[in-house]
file entry_9.tsv (TSV, C-alpha atoms and all ligand atoms)
chain	number	residue	atom	x	y	z
L	143	MET	CA	54.38	-24.22	26.22
L	144	LYS	CA	51.94	-21.68	27.70
L	145	GLU	CA	50.23	-19.06	25.55
L	146	PHE	CA	51.49	-15.51	25.99
L	147	LYS	CA	49.77	-12.21	25.19
L	148	THR	CA	52.77	-10.12	24.18
L	149	LEU	CA	54.93	-12.91	22.75
L	150	ILE	CA	54.49	-15.71	20.25
L	151	THR	CA	56.55	-18.76	21.16
L	152	GLU	CA	57.15	-21.95	19.22
L	153	VAL	CA	59.62	-24.78	19.61
L	154	THR	CA	60.91	-26.25	16.35
L	155	ASN	CA	63.61	-28.93	16.28
L	156	GLY	CA	64.54	-28.07	19.87
L	157	ILE	CA	64.91	-24.33	19.21
L	158	LEU	CA	62.62	-21.89	21.02
L	159	ILE	CA	61.62	-18.98	18.79
L	160	ILE	CA	60.35	-16.00	20.78
L	161	THR	CA	58.60	-13.36	18.67
L	162	ILE	CA	57.80	-10.04	20.31
L	163	ASN	CA	54.16	-9.50	19.43
L	164	ARG	CA	53.23	-5.81	19.72
L	165	GLU	CA	53.58	-4.88	16.08
L	166	ASP	CA	51.20	-1.89	16.32
L	167	LYS	CA	53.50	-0.36	18.95
L	168	LEU	CA	56.68	-1.33	17.06
L	169	ASN	CA	57.14	-4.13	19.62
L	170	ALA	CA	57.79	-1.66	22.47
L	171	LEU	CA	58.69	-3.48	25.67
L	172	ASN	CA	56.00	-2.89	28.29
L	173	LYS	CA	55.93	-4.35	31.80
L	174	ALA	CA	53.70	-7.26	30.82
L	175	LEU	CA	56.09	-8.14	28.01
L	176	ILE	CA	59.14	-8.07	30.27
L	177	ASN	CA	57.31	-10.43	32.66
L	178	GLU	CA	56.36	-12.78	29.85
L	179	LEU	CA	59.89	-12.69	28.46
L	180	ASP	CA	61.09	-13.74	31.91
L	181	GLU	CA	58.72	-16.73	31.81
L	182	ALA	CA	59.77	-17.71	28.29
L	183	ILE	CA	63.45	-17.58	29.26
L	184	THR	CA	62.72	-19.65	32.37
L	185	GLU	CA	61.28	-22.27	30.00
L	186	LEU	CA	64.53	-22.12	27.98
L	187	TYR	CA	66.48	-22.84	31.17
L	188	ASP	CA	64.18	-25.56	32.51
L	189	ASN	CA	62.95	-27.50	29.49
L	190	ALA	CA	65.46	-30.19	28.58
L	191	GLU	CA	63.94	-30.49	25.10
L	192	ILE	CA	64.96	-26.89	24.29
L	193	LYS	CA	68.58	-26.43	23.16
L	194	GLY	CA	68.67	-22.71	22.39
L	195	ALA	CA	66.56	-19.66	21.53
L	196	ILE	CA	66.10	-17.01	18.87
L	197	ILE	CA	64.45	-13.71	19.78
L	198	THR	CA	62.88	-11.59	17.03
L	199	GLY	CA	60.10	-9.03	16.49
L	200	LYS	CA	56.76	-9.43	14.72
L	201	GLY	CA	56.45	-7.74	11.34
L	202	ASN	CA	59.15	-6.24	9.17
L	203	LYS	CA	59.53	-2.83	10.79
L	204	ALA	CA	60.79	-3.38	14.33
L	205	PHE	CA	62.68	-5.80	16.53
L	206	ALA	CA	61.68	-3.56	19.46
L	207	ALA	CA	61.51	0.26	19.40
L	208	GLY	CA	62.41	0.55	23.07
L	209	ALA	CA	60.77	0.40	26.45
L	210	ASP	CA	57.12	1.44	26.28
L	211	ILE	CA	57.29	5.24	26.66
L	212	ALA	CA	53.54	5.35	27.45
L	213	GLU	CA	54.30	3.59	30.75
L	214	PHE	CA	56.88	6.22	31.76
L	215	LYS	CA	54.44	9.01	32.55
L	216	GLY	CA	54.11	9.90	36.24
L	217	LEU	CA	56.86	7.58	37.48
L	218	THR	CA	58.73	8.49	40.67
L	219	GLU	CA	62.48	8.00	41.21
L	220	GLU	CA	61.74	4.78	43.11
L	221	ASP	CA	59.44	3.55	40.31
L	222	GLY	CA	62.23	4.30	37.81
L	223	LYS	CA	64.76	2.28	39.81
L	224	ALA	CA	62.33	-0.62	40.15
L	225	LEU	CA	61.61	-0.56	36.40
L	226	ALA	CA	65.33	-0.60	35.57
L	227	LYS	CA	66.04	-3.31	38.15
L	228	ARG	CA	63.34	-5.56	36.69
L	229	GLY	CA	64.78	-5.13	33.19
L	230	HIS	CA	68.25	-5.88	34.51
L	231	VAL	CA	67.10	-9.11	36.15
L	232	VAL	CA	65.43	-10.39	32.97
L	233	PHE	CA	68.19	-9.28	30.58
L	234	ASN	CA	70.90	-10.73	32.87
L	235	LYS	CA	68.97	-13.98	32.80
L	236	ILE	CA	69.11	-13.96	28.98
L	237	GLU	CA	72.82	-13.13	29.02
L	238	MET	CA	73.65	-15.84	31.54
L	239	SER	CA	71.47	-18.46	29.86
L	240	PRO	CA	73.37	-21.77	29.77
L	241	LYS	CA	71.89	-22.29	26.29
L	242	PRO	CA	72.69	-20.03	23.32
L	243	VAL	CA	70.40	-17.09	22.56
L	244	ILE	CA	70.52	-15.24	19.22
L	245	ALA	CA	68.80	-11.94	18.43
L	246	ALA	CA	67.32	-11.87	14.91
L	247	VAL	CA	67.10	-8.11	14.53
L	248	ASN	CA	64.49	-7.39	11.88
L	249	GLY	CA	64.05	-3.60	12.02
L	250	PHE	CA	64.28	-0.89	14.69
L	251	ALA	CA	66.30	-1.95	17.74
L	252	LEU	CA	66.17	1.26	19.73
L	253	GLY	CA	66.60	1.89	23.45
L	254	GLY	CA	65.43	-1.22	25.30
L	255	GLY	CA	65.25	-3.04	21.96
L	256	CYS	CA	68.96	-2.48	21.35
L	257	GLU	CA	69.59	-3.45	24.99
L	258	LEU	CA	67.63	-6.67	24.52
L	259	ALA	CA	69.63	-7.53	21.39
L	260	MET	CA	72.85	-6.84	23.30
L	261	ALA	CA	71.79	-9.15	26.14
L	262	CYS	CA	71.66	-12.02	23.60
L	263	HIS	CA	74.88	-13.92	22.91
L	264	LEU	CA	74.88	-13.17	19.16
L	265	ARG	CA	73.09	-10.63	16.95
L	266	ILE	CA	72.20	-11.16	13.31
L	267	ALA	CA	70.62	-8.16	11.57
L	268	SER	CA	68.50	-7.82	8.46
L	269	GLU	CA	69.56	-5.12	5.98
L	270	ASN	CA	66.76	-2.81	7.18
L	271	ALA	CA	67.73	-3.04	10.87
L	272	LYS	CA	68.47	0.19	12.73
L	273	PHE	CA	70.16	0.55	16.08
L	274	GLY	CA	70.39	3.31	18.63
L	275	GLN	CA	70.15	4.41	22.24
L	276	PRO	CA	68.03	7.57	21.92
L	277	GLU	CA	67.20	7.89	25.64
L	278	VAL	CA	68.89	11.28	26.09
L	279	LYS	CA	66.29	12.73	23.72
L	280	LEU	CA	63.77	11.91	26.47
L	281	GLY	CA	65.97	13.25	29.27
L	282	LEU	CA	66.90	9.71	30.24
L	283	ILE	CA	69.74	7.19	30.03
L	284	PRO	CA	69.45	3.51	29.09
L	285	GLY	CA	68.12	1.50	32.04
L	286	TYR	CA	68.29	-2.12	30.87
L	287	GLY	CA	72.08	-2.48	30.87
L	288	GLY	CA	72.72	-0.45	27.70
L	289	THR	CA	75.49	1.80	29.01
L	290	GLN	CA	77.43	-1.29	30.13
L	291	ARG	CA	76.80	-3.77	27.31
L	292	LEU	CA	77.26	-1.21	24.51
L	293	THR	CA	80.63	-0.25	26.03
L	294	GLN	CA	81.58	-3.91	26.38
L	295	ILE	CA	80.62	-4.74	22.79
L	296	ILE	CA	81.82	-1.70	20.78
L	297	GLY	CA	84.21	0.06	23.18
L	298	LYS	CA	84.03	3.28	25.20
L	299	GLY	CA	84.64	5.83	22.42
L	300	LYS	CA	81.91	4.68	20.04
L	301	ALA	CA	79.54	3.80	22.91
L	302	LEU	CA	79.78	7.34	24.30
L	303	GLU	CA	79.20	8.72	20.81
L	304	LEU	CA	76.02	6.70	20.26
L	305	LEU	CA	74.75	7.35	23.79
L	306	MET	CA	75.40	11.11	23.73
L	307	THR	CA	74.30	11.85	20.15
L	308	ALA	CA	71.24	9.53	20.28
L	309	ASP	CA	72.07	8.78	16.63
L	310	THR	CA	70.45	5.84	14.89
L	311	ILE	CA	72.83	3.69	12.84
L	312	ASP	CA	72.01	1.25	10.04
L	313	ALA	CA	72.85	-2.44	9.91
L	314	THR	CA	76.01	-1.96	7.83
L	315	CYS	CA	77.38	0.52	10.35
L	316	ALA	CA	76.37	-1.80	13.23
L	317	GLY	CA	78.29	-4.57	11.45
L	318	LYS	CA	81.40	-2.40	11.12
L	319	LEU	CA	81.26	-1.52	14.82
L	320	GLY	CA	80.88	-5.18	15.80
L	321	LEU	CA	77.48	-4.46	17.33
L	322	VAL	CA	76.09	-7.21	15.09
L	323	ASN	CA	77.80	-10.41	14.07
L	324	GLU	CA	76.39	-10.49	10.54
L	325	VAL	CA	74.05	-8.56	8.25
L	326	VAL	CA	71.85	-10.59	5.91
L	327	GLN	CA	68.99	-10.04	3.49
L	328	THR	CA	65.68	-9.64	5.31
L	329	VAL	CA	64.20	-12.79	3.75
L	330	GLU	CA	67.18	-14.82	4.97
L	331	LEU	CA	67.23	-13.53	8.55
L	332	LEU	CA	65.44	-16.35	10.37
L	333	ASP	CA	67.01	-19.13	8.30
L	334	THR	CA	70.48	-17.69	8.96
L	335	CYS	CA	69.76	-17.59	12.71
L	336	LYS	CA	68.39	-21.14	12.64
L	337	SER	CA	71.47	-22.51	10.82
L	338	LEU	CA	73.75	-20.69	13.24
L	339	ILE	CA	71.98	-22.00	16.33
L	340	ASN	CA	71.80	-25.52	14.84
L	341	LYS	CA	75.56	-25.40	14.32
L	342	ILE	CA	76.20	-24.21	17.90
L	343	THR	CA	73.80	-26.74	19.44
L	344	SER	CA	75.41	-29.59	17.48
L	345	TYR	CA	78.44	-29.24	19.80
L	346	SER	CA	78.61	-30.38	23.42
L	347	PRO	CA	76.07	-28.26	25.34
L	348	ILE	CA	78.40	-28.38	28.34
L	349	ALA	CA	81.23	-26.88	26.29
L	350	ILE	CA	78.91	-24.16	24.97
L	351	THR	CA	77.65	-23.30	28.49
L	352	ASN	CA	81.22	-23.14	29.72
L	353	VAL	CA	82.24	-20.83	26.85
L	354	ILE	CA	79.40	-18.46	27.81
L	355	GLN	CA	80.31	-18.55	31.52
L	356	SER	CA	84.00	-18.13	30.88
L	357	VAL	CA	83.57	-15.15	28.51
L	358	TYR	CA	81.14	-13.35	30.83
L	359	ALA	CA	83.48	-13.95	33.79
L	360	HIS	CA	85.64	-11.25	32.15
L	361	PHE	CA	82.98	-8.67	32.99
L	362	LYS	CA	82.19	-9.76	36.56
L	363	ASP	CA	83.60	-7.73	39.44
L	364	GLY	CA	85.85	-9.67	41.77
L	365	ILE	CA	86.14	-12.65	39.42
L	366	ASP	CA	89.31	-13.53	37.53
L	367	GLY	CA	88.21	-14.74	34.10
L	368	PHE	CA	91.47	-16.63	33.61
L	369	ASP	CA	90.81	-18.62	36.83
L	370	THR	CA	87.25	-19.29	35.62
L	371	GLU	CA	88.62	-20.58	32.32
L	372	ILE	CA	91.08	-22.93	34.06
L	373	SER	CA	88.32	-24.31	36.26
L	374	LEU	CA	85.80	-24.77	33.41
L	375	PHE	CA	88.46	-26.30	31.14
L	376	GLY	CA	89.02	-28.92	33.87
L	377	LYS	CA	85.28	-29.52	34.14
L	378	CYS	CA	85.04	-30.12	30.38
L	379	ILE	CA	87.88	-32.66	30.54
L	380	ALA	CA	85.86	-34.66	33.06
L	381	THR	CA	82.77	-34.95	30.80
L	382	GLU	CA	81.60	-37.88	28.69
L	383	ASP	CA	81.20	-35.37	25.86
L	384	PHE	CA	84.94	-34.69	25.90
L	385	SER	CA	85.71	-38.44	25.70
L	386	GLU	CA	83.24	-38.70	22.83
L	387	GLY	CA	84.82	-35.68	21.10
L	388	ILE	CA	88.33	-37.09	21.14
L	389	ASN	CA	87.22	-40.66	20.33
L	390	ALA	CA	85.20	-39.39	17.34
L	391	PHE	CA	88.21	-37.41	16.13
L	392	LEU	CA	90.55	-40.39	16.41
L	393	GLU	CA	87.99	-42.74	14.81
L	394	LYS	CA	87.36	-40.20	12.01
L	395	ARG	CA	83.61	-40.01	12.63
L	396	LYS	CA	81.09	-37.34	13.67
L	397	PRO	CA	80.76	-37.02	17.46
L	398	SER	CA	77.44	-37.63	19.14
L	399	PHE	CA	77.30	-35.38	22.21
L	400	LYS	CA	74.95	-36.22	25.08
L	401	GLY	CA	75.45	-33.22	27.33
L	402	LYS	CA	76.98	-35.40	30.05
O	1	LIG	N1	57.03	3.18	23.30
O	1	LIG	C1	55.72	3.23	23.10
O	1	LIG	N2	55.15	3.30	21.89
O	1	LIG	C2	55.96	3.32	20.83
O	1	LIG	C3	57.36	3.26	20.96
O	1	LIG	C4	57.90	3.20	22.26
O	1	LIG	N3	59.21	3.10	22.50
O	1	LIG	N4	57.91	3.32	19.73
O	1	LIG	C5	56.89	3.38	18.85
O	1	LIG	N5	55.71	3.39	19.52
O	1	LIG	C6	54.36	3.44	18.97
O	1	LIG	C7	54.00	4.86	18.51
O	1	LIG	O1	53.56	5.64	19.60
O	1	LIG	C8	52.90	4.56	17.51
O	1	LIG	O2	51.73	4.23	18.23
O	1	LIG	P1	50.30	4.86	17.74
O	1	LIG	O3	50.12	4.31	16.34
O	1	LIG	O4	49.32	4.30	18.73
O	1	LIG	O5	50.46	6.33	17.76
O	1	LIG	C9	53.38	3.25	16.86
O	1	LIG	O6	54.29	2.66	17.79
O	1	LIG	C10	54.10	3.46	15.56
O	1	LIG	O7	55.17	4.37	15.78
O	1	LIG	P2	55.43	5.69	14.91
O	1	LIG	O8	56.24	6.63	15.73
O	1	LIG	O9	54.14	6.20	14.37
O	1	LIG	O10	56.31	5.09	13.71
O	1	LIG	P3	57.35	5.86	12.81
O	1	LIG	O11	57.69	4.96	11.69
O	1	LIG	O12	56.85	7.23	12.46
O	1	LIG	O13	58.65	6.09	13.73
O	1	LIG	C11	60.34	5.40	15.32
O	1	LIG	C12	59.40	4.97	14.17
O	1	LIG	C13	61.01	4.13	15.85
O	1	LIG	C14	61.41	6.34	14.79
O	1	LIG	C15	59.54	6.11	16.43
O	1	LIG	O14	58.41	5.29	16.75
O	1	LIG	C16	60.30	6.36	17.69
O	1	LIG	O15	61.12	7.27	17.75
O	1	LIG	N6	60.03	5.55	18.77
O	1	LIG	C17	60.60	5.75	20.06
O	1	LIG	C18	62.03	5.27	20.08
O	1	LIG	C19	62.65	5.52	21.44
O	1	LIG	O16	62.84	6.65	21.87
O	1	LIG	N7	63.00	4.44	22.15
O	1	LIG	C20	63.62	4.50	23.43
O	1	LIG	C21	62.62	4.49	24.50
O	1	LIG	S1	63.38	4.58	26.10
call {"tool": "encode", "arguments": {"input": "entry_9.tsv", "output": "structure tokens"}}
result
Amino acid sequence: MKEFKTLITEVTNGILIITINREDKLNALNKALINELDEAITELYDNAEIKGAIITGKGNKAFAAGADIAEFKGLTEEDGKALAKRGHVVFNKIEMSPKPVIAAVNGFALGGGCELAMACHLRIASENAKFGQPEVKLGLIPGYGGTQRLTQIIGKGKALELLMTADTIDATCAGKLGLVNEVVQTVELLDTCKSLINKITSYSPIAITNVIQSVYAHFKDGIDGFDTEISLFGKCIATEDFSEGINAFLEKRKPSFKGK
């Protein structure tokens, strides 16, 4: 895999680990980083050897402390729209990845950092993680999908509260709100994420892709998620993996899924 400047990437046992590598700036997401993240996610889509991804931040202080505020100075309205649009494209690509993506949130996940975590399918947080959408403090609103995904994940009432107060919440509170799936000790964060993704990728990759597509169909305008589910259920039935799944069950053995 190519070398990046703002990311460290490694593939271990078929899992792509993407580490945001701007520790001195608390892993703030600048334009170059968003472009490199796009490339890394394209690799996740295209490389058949890669079964899933974990995104985390370098160091023990931040997952990502937001979009890079230093790049905001002097922007016009059109620049602002273009910046937001670019973030949307990349974060939508993460969300619609056919392979599972887990955020290993190891510290501050503020603004764009919280939005990045929310674009992942699952979020595991270390005990020191902190979450928030502090954009209003800057006279701004979230621009990488935060107003939508936060509302989808924790509901309108709590989303409005976090967005309007700009409050930062700790990992325990994020767990109670359902913003994160699990809170673990900092030293166990990556191992927990690896076990989780190994479990998910041990199942039929077609079934996992179809779960992702079917769940996200709920949030797509003009699409009936129930119809999507019926259609994708049918597609699963027609796969070799489904035959293998039922044969393995009846023969009382572990299935060996091929993704076909
Ligand atoms: N964009 C650009 N640089 C950032 C950044 C961001 N979102 N967040 C942190 N940094 C930089 C700081 O400017 C500082 O750089 P410097 O050492 O060159 O001065 C470095 O990262 C360390 O941050 P610092 O503020 O000194 O750390 P802290 O422990 O005192 O505070 C935070 C941590 C997260 C509370 C604070 O950095 C912060 O509020 N960041 C901005 C969060 C935000 O508003 N995000 C949404 C952006 S839309």
call {"tool": "residues_near_ligand", "arguments": {"input": "entry_9.tsv", "ligand": "ligand LIG 1 (chain O)", "cutoff": "12 Å", "atoms": "all atoms listed in the file", "output": "MDAnalysis selection string"}}
result
chainID L and resid 164:173 202:215 222 225:226 249:258 271:286 288 305 308:311
call {"tool": "atom_distance", "arguments": {"input": "entry_9.tsv", "atom1": "CA of Lys200 (chain L)", "atom2": "CA of Ser268 (chain L)"}}
result
13.4 Å
call {"tool": "closest_residue", "arguments": {"input": "entry_9.tsv", "among": "L:Ile244, L:Met238, L:Ile176, L:Ile183", "to": "Lys362 (chain L)", "atoms": "only C-alpha atoms"}}
result
L:Met238
call {"tool": "closest_residue", "arguments": {"input": "entry_9.tsv", "among": "L:Lys147, L:Lys223, L:Lys235, L:Lys193", "to": "Ala174 (chain L)", "atoms": "only C-alpha atoms"}}
result
L:Lys147
call {"tool": "atom_distance", "arguments": {"input": "entry_9.tsv", "atom1": "CA of Ile379 (chain L)", "atom2": "CA of Ala261 (chain L)"}}
result
28.8 Å
